[in-house]
Amino acid sequence: MRDVYAIGIGITSFTRLEFPLSEIAAYPVMMALKDAGIRKVDHLYVANMGSGRVNHQTGLASAVVDTLSLTPAGAEVIENGPASGGSAVKQGFLAVASGMHDVVAVTGAERMREVNNLEVTEFVATLTHPLAEYIYGVTLPSLAGMFTRAYMDKYGVTSRHLAMVAVKNQNNALLNEFAHIQQAITVEGILDSPEALTNNPYVADPLRFFDCCPVSDGGASVILATREVAEKTGRPLVRLAGIGQATDTHCVHERDEPTDLLAVRRAAAQSFKMAGVSPSDVGVAELHDAFTILEIVESEEVGFFKKGEGHLALERGETQIGGKIPINPSGGLKGRGHPVGATGVAQVYEIVHQLRGEAGKRQVADPRIGFTCNFGGFGNNVVCLTFAREN
Amino acid sequence: MKREIYAYRCRKCGHLHYPYRMVCAKCGENEHNEFDPEPLPTTGTLVTFTELYALPGDFEVPTLGLGIVELENGIRITGQLQIDEPAGGMKVIGEVEVVRSEEYEKYYGMIFREA
């Protein structure tokens, strides 16, 4: 296999966007091409989950490649639920590593706010098992609520720990001009104040409003290329060094241990093994905090902390930007937002930005290894990526 | 008519699945349809639960109780709860009733109450 480098990155604001989905997908590609100093690519991968259902548009990749005047380059959509972005980056890696292409663009995009809240909840709930979960009214927040309760009972995680994740990530998002949520919050304000039940109502008990990521529109892109092409850009070399992917049972109730996220554990281990590094080498990580509990549990499952001790590390401030292992300096899904198809690529955007040392106010001190965890379904399809800065 | 929910037992190794799979999760050796359906028991223990306030369409109730129950044969199932104060470890008993109604269609599933 050939080595593969991330040579250009681009992103849109994550918010409500009044542009066609194809433009939300195309704009960050333009930024990424400009960042890399090139005009053409051999192939385009578009990560998206809901264009057919939410936006009444199919064959999205054909629209995006033409919008960018990149025809006749090949193009296709990669759909893997909320892990579509990670999957598309993986496909781009395979194309370059195999020698089939030298330069590919990967873009992730979603326009979820075109429809109302009910429809968007329903759309995301179609990820669940149609006969054994969906018919009951099971949604992703309800699976997360049940998971959180089991975790609290077993490991002593409290609502206060969850609120600390929300506060940390929303504070980080204030340093990210592209982040959806631009609001400072405090643990007291959302848990203890007399208004807490009004400003932070329950969504899926014990999860509350500020434990859940927002519904966002947005797009993010990365250009992947060979070392030869990467060296010509004159930019810091960031290599996509490790990829891991693992699946788990479709139904959450079938898992032997209700508090385990085995797909995260396995995908992370594969990714670190391929990169030849260990979790303790990681200097900055973007984890999939669609719900605050997930950041805590993923930080354990990927190996940063022992199982059941992630919330203690959070208490000690180890996951803050100045801490031992900064998690979600971008604001994460909680602060940056979660346009489902775009999220995995937006995580890559942040990690490349950080490894290059170009992240401005939210820059982590000199990271050499960066890591992303992109979580599909309720942990039934997970893609983990490891990046290394080489010069 | 008594409605039941079925689990599926692999004819090669006897492993019981809920929901249905085309290939046995344990032995992986069976051919298509080599499973024997058997009705799920209705009593069990509540493993975890939530009260959902942000409901999907089709549900005209203010909140919805949902939970995972470990049935007496060890199989776990997701179902709706009609329990005022649910608690982990609570003994529950289920019945197959309408759990979701759309304009032209009704879906049946397990609703659990305190045993």
# chains A, B, ... in the order shown; residues from 1 in each chain; ligands from 1
call {"tool": "closest_atom_pairs", "arguments": {"of": "chain A", "to": "chain B", "cutoff": "6 Å", "atoms": "only C-alpha atoms", "output": "Markdown table"}}
result
| residue | atom | partner | partner_atom | distance |
| --- | --- | --- | --- | --- |
| A:Leu118 | CA | B:Pro56 | CA | 5.7 |
| A:Thr121 | CA | B:Pro56 | CA | 6.0 |
| A:Glu122 | CA | B:Pro56 | CA | 5.4 |
| A:Tyr136 | CA | B:Val99 | CA | 5.7 |
| A:Gly145 | CA | B:Thr50 | CA | 5.7 |
| A:Met146 | CA | B:Phe49 | CA | 4.9 |
| A:Ala150 | CA | B:Thr48 | CA | 5.8 |
| A:Val203 | CA | B:Tyr53 | CA | 5.0 |
| A:Ala204 | CA | B:Leu52 | CA | 4.3 |
| A:Asp205 | CA | B:Glu51 | CA | 5.2 |
| A:His253 | CA | B:Arg76 | CA | 5.8 |
call {"tool": "residues_around", "arguments": {"residues": "range 15-17 of chain A", "least_positions_apart": "3", "cutoff": "10 Å", "atoms": "only C-alpha atoms", "output": "list in words"}}
result
Thr12, Pro20, Leu21, Ile24, Glu110, Arg111, Met112, Arg113, Glu114, Phe178, Ala179, His180, Ile181, Pro214, Val215, Ser216, Asp217, Gly218, Arg336, Gly337, His338 and Pro339 of chain A
call {"tool": "write_last_selection", "arguments": {"atoms": "N, CA and C atoms", "output": "short mmCIF file (atom, residue, chain, number, x, y, z; two decimals), in the first residue's frame"}}
result
data_model
loop_
_atom_site.label_atom_id
_atom_site.label_comp_id
_atom_site.auth_asym_id
_atom_site.auth_seq_id
_atom_site.Cartn_x
_atom_site.Cartn_y
_atom_site.Cartn_z
N THR A 12 -17.81 24.31 5.94
CA THR A 12 -18.80 25.39 5.93
C THR A 12 -19.13 25.71 7.38
N PRO A 20 -28.78 24.93 -1.52
CA PRO A 20 -29.05 23.54 -1.91
C PRO A 20 -27.98 22.61 -1.33
N LEU A 21 -28.39 21.38 -1.03
CA LEU A 21 -27.46 20.40 -0.45
C LEU A 21 -26.21 20.23 -1.31
N ILE A 24 -23.82 22.84 -0.45
CA ILE A 24 -23.24 22.64 0.88
C ILE A 24 -22.13 21.59 0.80
N GLU A 110 -24.77 17.45 4.83
CA GLU A 110 -26.14 17.11 5.20
C GLU A 110 -26.92 18.41 5.32
N ARG A 111 -28.19 18.36 4.91
CA ARG A 111 -29.07 19.52 5.12
C ARG A 111 -30.31 19.00 5.81
N MET A 112 -30.25 18.97 7.15
CA MET A 112 -31.31 18.35 7.95
C MET A 112 -32.40 19.32 8.34
N ARG A 113 -32.06 20.62 8.33
CA ARG A 113 -33.03 21.60 8.83
C ARG A 113 -34.01 22.04 7.75
N GLU A 114 -33.93 21.37 6.59
CA GLU A 114 -34.93 21.62 5.55
C GLU A 114 -36.29 21.10 6.02
N PHE A 178 -16.79 28.24 12.97
CA PHE A 178 -17.70 27.44 12.15
C PHE A 178 -18.71 26.64 12.99
N ALA A 179 -18.59 26.72 14.32
CA ALA A 179 -19.44 25.89 15.19
C ALA A 179 -20.88 26.41 15.25
N HIS A 180 -21.81 25.48 15.34
CA HIS A 180 -23.24 25.83 15.36
C HIS A 180 -23.62 26.56 16.65
N ILE A 181 -23.21 26.01 17.80
CA ILE A 181 -23.65 26.55 19.09
C ILE A 181 -22.65 27.59 19.58
N PRO A 214 -27.02 19.42 18.55
CA PRO A 214 -28.06 20.09 17.77
C PRO A 214 -28.26 19.41 16.42
N VAL A 215 -29.35 19.75 15.76
CA VAL A 215 -29.60 19.31 14.38
C VAL A 215 -29.05 20.41 13.47
N SER A 216 -28.09 20.05 12.63
CA SER A 216 -27.37 21.08 11.89
C SER A 216 -27.33 20.79 10.40
N ASP A 217 -27.13 21.85 9.62
CA ASP A 217 -26.74 21.72 8.22
C ASP A 217 -25.24 22.00 8.17
N GLY A 218 -24.56 21.42 7.19
CA GLY A 218 -23.15 21.76 7.05
C GLY A 218 -22.41 20.76 6.19
N ARG A 336 -20.02 21.98 17.81
CA ARG A 336 -19.87 22.30 16.38
C ARG A 336 -21.16 22.01 15.62
N GLY A 337 -21.87 20.95 16.07
CA GLY A 337 -23.09 20.55 15.39
C GLY A 337 -22.90 19.20 14.74
N HIS A 338 -24.02 18.62 14.27
CA HIS A 338 -23.98 17.25 13.77
C HIS A 338 -24.83 17.08 12.51
N PRO A 339 -24.34 17.63 11.38
CA PRO A 339 -24.97 17.27 10.11
C PRO A 339 -24.48 15.86 9.78
#
call {"tool": "residues_around", "arguments": {"residues": "Arg3 in chain B", "least_positions_apart": "6", "cutoff": "9 Å", "atoms": "only C-alpha atoms", "output": "VMD selection string"}}
result
chain B and resid 95 to 97 108
call {"tool": "residues_around", "arguments": {"residues": "Gln183 in chain A", "least_positions_apart": "3", "cutoff": "10 Å", "atoms": "only C-alpha atoms", "output": "list in words"}}
result
Val167, Gln170, Asn171, Ala173, Leu174, His180 and Gly335 of chain A
call {"tool": "write_last_selection", "arguments": {"atoms": "all heavy atoms", "output": "compact mmCIF listing (two decimals), in the first residue's frame"}}
result
# COMPACT_ATOMS: atom_id res chain seq x y z
N VAL A 167 -20.59 21.70 28.95
CA VAL A 167 -19.96 23.00 29.21
C VAL A 167 -18.60 23.07 28.50
O VAL A 167 -18.29 24.05 27.80
CB VAL A 167 -19.80 23.25 30.73
CG1 VAL A 167 -18.92 24.46 31.00
CG2 VAL A 167 -21.17 23.42 31.38
N GLN A 170 -19.18 23.24 24.62
CA GLN A 170 -19.73 24.52 24.18
C GLN A 170 -18.73 25.65 24.37
O GLN A 170 -18.70 26.58 23.57
CB GLN A 170 -21.08 24.81 24.87
CG GLN A 170 -22.16 23.87 24.36
CD GLN A 170 -23.59 24.36 24.56
OE1 GLN A 170 -24.50 23.60 24.40
NE2 GLN A 170 -23.77 25.62 24.91
N ASN A 171 -17.90 25.57 25.41
CA ASN A 171 -16.83 26.57 25.57
C ASN A 171 -15.83 26.46 24.43
O ASN A 171 -15.38 27.47 23.88
CB ASN A 171 -16.12 26.40 26.91
CG ASN A 171 -16.90 27.02 28.05
OD1 ASN A 171 -17.77 27.86 27.82
ND2 ASN A 171 -16.63 26.60 29.27
N ALA A 173 -16.48 25.37 21.47
CA ALA A 173 -17.16 25.83 20.26
C ALA A 173 -17.11 27.36 20.14
O ALA A 173 -17.13 27.90 19.03
CB ALA A 173 -18.61 25.34 20.24
N LEU A 174 -17.04 28.04 21.28
CA LEU A 174 -16.95 29.51 21.24
C LEU A 174 -15.65 29.96 20.57
O LEU A 174 -15.54 31.09 20.10
CB LEU A 174 -17.02 30.09 22.66
CG LEU A 174 -18.37 29.99 23.37
CD1 LEU A 174 -18.23 30.44 24.83
CD2 LEU A 174 -19.42 30.84 22.66
N HIS A 180 -21.81 25.48 15.34
CA HIS A 180 -23.24 25.83 15.36
C HIS A 180 -23.62 26.56 16.65
O HIS A 180 -24.31 27.57 16.64
CB HIS A 180 -24.04 24.53 15.23
CG HIS A 180 -25.51 24.72 15.00
ND1 HIS A 180 -26.32 23.72 14.54
CD2 HIS A 180 -26.32 25.79 15.16
CE1 HIS A 180 -27.57 24.19 14.41
NE2 HIS A 180 -27.59 25.43 14.79
N GLY A 335 -21.05 20.95 20.25
CA GLY A 335 -20.87 22.38 20.03
C GLY A 335 -20.79 22.76 18.57
O GLY A 335 -21.39 23.74 18.13
call {"tool": "select_by_dssp", "arguments": {"residues": "range 109-148 of chain A", "states": "helix (DSSP H, G or I)", "output": "list of chain:residue names"}}
result
A:Asn117, A:Leu118, A:Glu119, A:Val120, A:Thr121, A:Glu122, A:Phe123, A:Val124, A:Ala125, A:Tyr134, A:Ile135, A:Tyr136, A:Leu140, A:Pro141, A:Ser142, A:Leu143, A:Ala144, A:Gly145, A:Met146, A:Phe147, A:Thr148
